[in-house]
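Read through the structure below, which is laid out as structure tokens, and then see the notes.
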4 protein chains.
Amino acid sequence: MNPKRVGVLGATGMVGQRILAMLDNHPWFTVTALAASENSAGKKYREAASWQLDQPMPAWLGDMTVTGSKPDLDCDFVLSALDANVAGEIEPAFAAAGYPVISNAKNFRMEEDVPLVIPEVNPDHLDVIARQRQNRGWRKGYIVTNPNCSTVGLVMALKPLHDMFRVSKVFVTTMQALSGAGYPGVASLDILDNVVPFIKGEEEKIQVETLKLLGGFDGAQYQPAEINVSAHCNRVQVRDGHLECVSVELERQAEPDEIIAAWRGFRPAIADKKLPSVPTPAIIYREEENRPQPRRDRDAGAGMAVTVGRLRRDPILHYKFVVLSHNTVRGAAGAAIANAELLAAKNLL
Amino acid sequence: MNPKRVGVLGATGMVGQRILAMLDNHPWFTVTALAASENSAGKKYREAASWQLDQPMPAWLGDMTVTGSKPDLDCDFVLSALDANVAGEIEPAFAAAGYPVISNAKNFRMEEDVPLVIPEVNPDHLDVIARQRQNRGWRKGYIVTNPNCSTVGLVMALKPLHDMFRVSKVFVTTMQALSGAGYPGVASLDILDNVVPFIKGEEEKIQVETLKLLGGFDGAQYQPAEINVSAHCNRVQVRDGHLECVSVELERQAEPDEIIAAWRGFRPAIADKKLPSVPTPAIIYREEENRPQPRRDRDAGAGMAVTVGRLRRDPILHYKFVVLSHNTVRGAAGAAIANAELLAAKNLL
Amino acid sequence: MNPKRVGVLGATGMVGQRILAMLDNHPWFTVTALAASENSAGKKYREAASWQLDQPMPAWLGDMTVTGSKPDLDCDFVLSALDANVAGEIEPAFAAAGYPVISNAKNFRMEEDVPLVIPEVNPDHLDVIARQRQNRGWRKGYIVTNPNCSTVGLVMALKPLHDMFRVSKVFVTTMQALSGAGYPGVASLDILDNVVPFIKGEEEKIQVETLKLLGGFDGAQYQPAEINVSAHCNRVQVRDGHLECVSVELERQAEPDEIIAAWRGFRPAIADKKLPSVPTPAIIYREEENRPQPRRDRDAGAGMAVTVGRLRRDPILHYKFVVLSHNTVRGAAGAAIANAELLAAKNLL
Amino acid sequence: MNPKRVGVLGATGMVGQRILAMLDNHPWFTVTALAASENSAGKKYREAASWQLDQPMPAWLGDMTVTGSKPDLDCDFVLSALDANVAGEIEPAFAAAGYPVISNAKNFRMEEDVPLVIPEVNPDHLDVIARQRQNRGWRKGYIVTNPNCSTVGLVMALKPLHDMFRVSKVFVTTMQALSGAGYPGVASLDILDNVVPFIKGEEEKIQVETLKLLGGFDGAQYQPAEINVSAHCNRVQVRDGHLECVSVELERQAEPDEIIAAWRGFRPAIADKKLPSVPTPAIIYREEENRPQPRRDRDAGAGMAVTVGRLRRDPILHYKFVVLSHNTVRGAAGAAIANAELLAAKNLL
């Protein structure tokens, strides 16, 4: 298979950098175009981007030239790490021009003809692409989105439980990492010796995206899952890794060992496609009484595995547990790349 | 009124230090005895204690001599900051020897003849002292306890709601400060760039203490409040101040402005006693979308006020909000001192 | 004495806020005007400023109206917390209009007719004001500056040594607090689990300001002190308090106890003026082997005292020691206020 | 070549863990014995050690059985990560029993017949082993040591300068990581929002070890380098990576580009031995004005490269610069392993 040629939109930002780092030596994709805002256009990537990752910038990347975000990139599809304030215009322009757009932006996630997808959770939702093209008059292009960084870990942990026991209620309190706010993002004076119990729009995203992701698609329409979700979101002084305390109500009774078995036995429908960025296992259950922890578990499965722990009975609902996922890998860059891999495996790129 | 003479048990530890700092210039009490473990006995306090507070050690304190923890202290009553592993023996010995013991330790909190008291919440629970003395054959001495540091803020915030609307269910996720684990306590390598989603015994304490504190006392027996409480406890990299995300179900319907009015209008039954360490107001509601925060709100009311914010409707229960209280002041040292003040005001010291 | 009426320039920034907090209940000064950028003009201070201090905004302050930075303020003098990029224009405009300008900005510090003053160090340098007015054609107004935040603590510690033993060489490595970079300032992602060994322009400021501060003024010209200064500057994850490791060469031989006696016996020339913000003692020497520390010593003397410790012989120069001072109090807001107090005491306001 | 069989002393501690992680898949060595204190003896490593590294425990390691620290281990040589308080007895016992002991402990570093070695700096110092055996009556065994964690980076940066320009004076101020204090080590309450300007014994170690490392060995005796070294040591809130601000005097004049060329062109005498843990390049010079930084540069060369930056002229001595090295890899575990590799390459194991 010839590698597919990727263009990255928003290539200089935090998520763009992470996407590019994850595409270094990617077996299926090769980066052929980098786009960013007009004042980066024409510069070498090395000069345009303030590289924030601890791993060094890949050698091939520094000398590539960044262009503006016009839909004339030399590539087969685009990965979009655009900010929400520009994604609303630029992404449809690319789709209209014939590019598949795999986006991390929030703008189109909840539109009824746009798939919001985690490969291990709801790959069938991609079937709405046909309707999307029809609705919007796009012949070749389309938009596929991945969820918000704080939604991914939660939904991954809920998926096997929902499949086996039907989840009906979910309480979740997040403790979210600083990298989720981008760069420069959170001021050091705001978070040193502190917690900020508010992240704009975050609770709403978790509450609605979860229902779409765990809901059905009947070939024509989404059926949101019938789950009540209540979220409290907090910013803590952690670099990467969103930690979430979760309580759930299940419709079907389950013993603790059945719950753990559901996580450990989780085999996603797309497992046989062997998508390069989807880890095996995708969900890790740890027995220690004080895990998962952001610093110790965020890099599990190269940052793409979701770690669960502390399963115990809940005095109000049925069970409580703790979930951890890497917010810029599994929750953003890796989520988009995994979606691209799924589309490639389905010959949709 | 002559000042009452106080002895402090566990005087050299973190909570003991905080008690002593708060008793500096106390209008009703004067410190006359300091007790600690045998290997501190005979030393000047200055040498026995590794002073951890940022405020300097009060001048009168450094030269006082520390004694062992035998019940022969020259004082009218004792404030106990003892560790749980020794409080179980030492505190009853003092009570048996005729000392009122106002304790921060967990050992006796849930005993049926021991009051677990927050002055603003359940001062009437002190009436069980008579029965305690009878049960245990103590003529003058007794034990009175205050709650765990993570329980206090929660119960203070629930109290006006429970009085006016009856609370029936409570979800709480805590983000607790390092000082709650004592000194040296949490290793820096465990918490840098991290959250630890586990604190031994903490969830259980919140779940049972809340019911006793908000429950009734009919002159003979406690009636635990009929509330289901579910707690998730986490340690975060904050020095002082426990932050808690709370969702509640109320039996009586209430509009948001009624909830806020309940907090702002809260006038505890003991308000007219003008206890020196009980602040007015005891509960502060803040309007900002991102408050309370540990570093910015923990010192409200000299660390004795509880700050609440972010009231909003909850998709599963009725309301959610955020609570913040200073864990070593309102949650430990100040809690014990306020109890002592209440006992003094009732002529029980 | 009627209180002098103060206007604060740059009133909404970090240093402006700290100045206003320190002027709350000031015995000599009362705030009558607040100026900031045009887009704050016309707003209540409460709305114009994002209050960053942990102590609450003084009640009188929130309702005051902020104006633009034109020299028509209703006040006897101005304290300037302006950024360097605007101070260069605005401060002379105020001086030309007849206002004494006491500035924290770096712009005019090194001009030959502008006093750079620490009250305890070089109060006589104020005598250049007459020449400044003459040079610039200002009849009533003038500009007086205080040093950079990292210079103040160093120079305070050097002053008694220079007076008694003549300092000839100084090595200093700073570990500077986040608040020194203003708000939002340092991004949390840049400093979590990190040190940044660079602060733009900081090493140069220490190297030149020290010489002017410790130098002489013969009534006509400054004589820079004959000291070689070498500075390394670093940003560390501390909120307030610049820590500095210092090695010095002295021209006259001194025993360690003489050095410590020089610090402890330091009595500034302006001591009898009893300036309200100048603490007694101004220099504290601590005996512990691991002090001073930023969090534990920055608030000594209400943030205006400088703490020194760890005096020991240096294998290359003569002695080494550690200095700590609060960077936004002693190093900025308090430095300007103390200069204003000195000017008031000299009837220059 | 058959892999050499390694025993690890102090296998359960922080440095022991790091050694074991670095020996996972080592091309020349295989771990055959683990020793620790008596109360670990008999346990599986998994149970005996509280694993602190973020990378998972290697699979082969968890089931190995830990023994006590008697010199009857099944191995060809031992790597010692023992604490100084036990190394003084145990290490000579192993050497006397015929084991080469490659030690990270401080106990024997400065003895006149014990080599203190960094492979890239002074490999010839190993020649003293013959004399050591003779002095101590050991036939096969011996002790070889590596320097203190804060000495390694400094000496690596000085080595090319000393070779080419003769270093005569060195000022160094360290900002050292938490992992240097072991686990649990520094209490979180001591370092949050703080710097501790003291590390017991550290300044002395830098001052003497540097002279031995850069000194000569004439076949019979060490000649300490003729360098004056002055060190200030600080603990900062960084997990791994010691940052050091250095000023140097050189005997031979050098232009900045010559200094940088000395670092970049540094080719250690042992380069052709291709020791697996010695990186190429061993010294990295970065051009950015704000590098090296602990979090961004500590993993260069798998943690074994030393990063230098910010070269500039010094107003007192000749040059100043900043050095960064990973304290538990290059400064401890990797230092010992690299020494073992050098000994293996010299057929001394």
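By convention here, the chains of the structure tokens are called A, B, ... in the order presented, each chain's residues are numbered starting at 1, and ligands are numbered starting at 1 in the order presented.
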Strand (DSSP E or B) residues, from DSSP on the backbone, in region 176-225 of chain A, as a ChimeraX atom specification = /A:176,187,196,216-217,222-223
Shell of 10 Å around Ile283 (chain D), only C-alpha atoms, local chain residues under 3 positions omitted, as a list of chain:residue names | D:Gly153, D:Met156, D:Ala157, D:Pro160, D:Ala262, D:Trp263, D:Arg264, D:Gly265, D:Phe266, D:Arg267, D:Pro279, D:Thr280, D:Arg286, D:Ala300, D:Gly301, D:Met304, D:Ala305, D:Val306, D:Thr307, D:Val308, D:Val323, D:Ser325
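When the distance limit is 12 Å and only C-alpha atoms are what count, the residues near Gly219 (chain B), minus those fewer than 3 positions from it on the same chain, are Asp113, Pro115, Asp124, His125, Leu126, Asp127, Val128, Ile129, Ala130, Arg131, Gly216, Tyr222 and Gln223 of chain B.
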Using only C-alpha atoms, find the residues of chain D whose closest atom to chain C is at most 8 Å away, then write them as an MDAnalysis selection string.
-> chainID D and resid 169 173 192:198 228:230 232 236:239 243 245 289:295 314:316 322
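The list of residues with at least one atom within 10 Å of region 89-99 of chain A, based on only C-alpha atoms and without residues fewer than 6 positions apart in the same chain, reads Gly7, Leu9, Ser69, Lys70, Pro71, Asp72, Leu73, Cys75, Asp76, Phe77, Val78, Leu79, Ser80, Leu82, Ala105, Asn107, Phe108, Arg133, Arg136, Gly137, Trp138, Arg139, Lys140, Gly141, Tyr142, Ile143 and Leu349 of chain A.
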Store the residues picked out above in a file with C-alpha atoms, as a PDB file, in the first residue's frame.
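Output file part_0.pdb is given in full below:
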```pdb
ATOM      1  CA  GLY A   7      -1.969  17.639   5.321  1.00  0.00           C
ATOM      2  CA  LEU A   9      -4.287  22.102   9.523  1.00  0.00           C
ATOM      3  CA  SER A  69      -5.090  27.361   5.229  1.00  0.00           C
ATOM      4  CA  LYS A  70      -6.465  27.431   1.710  1.00  0.00           C
ATOM      5  CA  PRO A  71      -7.887  24.211   0.280  1.00  0.00           C
ATOM      6  CA  ASP A  72      -5.143  23.697  -2.264  1.00  0.00           C
ATOM      7  CA  LEU A  73      -2.835  21.451  -0.263  1.00  0.00           C
ATOM      8  CA  CYS A  75      -2.372  15.747   0.109  1.00  0.00           C
ATOM      9  CA  ASP A  76      -5.009  13.028   0.084  1.00  0.00           C
ATOM     10  CA  PHE A  77      -6.757  14.145   3.268  1.00  0.00           C
ATOM     11  CA  VAL A  78      -6.310  16.612   6.122  1.00  0.00           C
ATOM     12  CA  LEU A  79      -6.044  16.232   9.860  1.00  0.00           C
ATOM     13  CA  SER A  80      -7.421  19.366  11.471  1.00  0.00           C
ATOM     14  CA  LEU A  82      -7.663  24.061  14.130  1.00  0.00           C
ATOM     15  CA  ALA A 105     -12.366  20.780  16.611  1.00  0.00           C
ATOM     16  CA  ASN A 107     -17.562  22.886  15.742  1.00  0.00           C
ATOM     17  CA  PHE A 108     -19.289  20.079  13.852  1.00  0.00           C
ATOM     18  CA  ARG A 133     -22.153  14.598   1.282  1.00  0.00           C
ATOM     19  CA  ARG A 136     -23.984  19.516   1.765  1.00  0.00           C
ATOM     20  CA  GLY A 137     -23.408  18.885  -1.900  1.00  0.00           C
ATOM     21  CA  TRP A 138     -19.880  17.605  -1.366  1.00  0.00           C
ATOM     22  CA  ARG A 139     -18.786  14.981  -3.825  1.00  0.00           C
ATOM     23  CA  LYS A 140     -15.579  13.612  -2.396  1.00  0.00           C
ATOM     24  CA  GLY A 141     -14.868  15.533   0.776  1.00  0.00           C
ATOM     25  CA  TYR A 142     -16.458  15.131   4.200  1.00  0.00           C
ATOM     26  CA  ILE A 143     -15.885  15.919   7.868  1.00  0.00           C
ATOM     27  CA  LEU A 349      -9.498   8.197   2.224  1.00  0.00           C
TER      28      LEU A 349
END
```
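Neighbouring residues of Pro27 (chain D) at 8 Å or closer, counting only C-alpha atoms and skipping chain neighbours under 2 positions away, are Pro3, Asn25, Phe29 and Pro276 of chain D.
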Distance query region 332-334 of chain A at most 9 Å, only C-alpha atoms, self and fewer than 3 positions along chain excluded, as a ChimeraX atom specification | /A:15-20,22,79,81,104,146-149,152,277-278,303-304,326-329,337-339
Any idea what the distance is between CA of Glu258 (chain A) and CA of Val167 (chain A)?
->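 Atom-to-atom, CA of Glu258 (chain A) to CA of Val167 (chain A), that is 14.2 Å.
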Please, what distance in Å, to one decimal, runs between CA of Val6 (chain A) and CA of Ala21 (chain A)?
->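 Answer for the CA of Val6 (chain A) to CA of Ala21 (chain A) separation: 13.3 Å.
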Please, what distance in Å, to one decimal, runs between CA of Ala59 (chain C) and CA of Tyr45 (chain C)?
->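 Interatomic distance, CA of Ala59 (chain C) to CA of Tyr45 (chain C): 10.9 Å.
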Would you please extract all helix (DSSP H, G or I) residues from region 16-243 of chain B, as assigned by DSSP on the backbone, and give them as a count of residues only?
-> 81
Please provide as a list in words all residues within 7 Å of Thr210 (chain B), with the sequence filter that same-chain residues fewer than 4 positions apart are discarded (counting only C-alpha atoms).
->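 Contacts, with the query itself left out: Thr151, Val155, Ile206 and Leu214 of chain B.
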Rank nothing, just name the residue among A:Asp163, A:Asp63, A:Glu202, A:Glu341 nearest to Leu23 (chain A), using only C-alpha atoms.
->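 Selected residue with least distance to Leu23 (chain A): A:Glu341.
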